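Structure, as structure tokens:
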Amino acid sequence: MKIELAELLTSLRSEINRARLQAAGEDVRFRIDSIDLELQVAAEKSADADAGVRFWVMSLGAKGSVKSAETHTVRLSLAAETAGGGSVLTGDDVSSLLAAD
């Protein structure tokens, strides 16, 4: 199964937004400061009309099936924020409780 890196990030964004919406009005919410991903990707150069390099996220066990693509480990550190630039909350911000220790 090939999953484009852009598709993976779109799905991640959607899931975070769903968690944010489900947390509205909840007593306990969590603030997302950063999201760290480590992915195995295949870089594939295309010679089609829309030529360029595409990155495909590798599924488990797919390494052996990649024929003409190079696999790489990519680490992404993302900061989640709302369209207005605010913090994304998926529950109560408990950072003050953690900082008190």
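Naming scheme: A, B, ... for chains in displayed order of the structure tokens; residues 1 onward per chain; ligands 1 onward as shown.
Every protein, DNA or RNA residue with an atom at most 9 Å from A:Val41, where only C-alpha atoms count and chain neighbours fewer than 2 positions away do not, is listed here: Leu5, Leu39, Ala43, Phe55, Trp56, Val57, Met58, Ser59, Glu70, Thr71, His72, Thr73 and Val74 of chain A.
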Separation of atom CA of A:Ala19 from atom CA of A:Ile35, in Å and rounded to one decimal: 14.1 Å
Close residues, A:Arg18 itself excluded, 12 Å, only C-alpha atoms, min 6 positions apart in chain, as a PyMOL selection string: chain A and resi 11-12+24+88-91
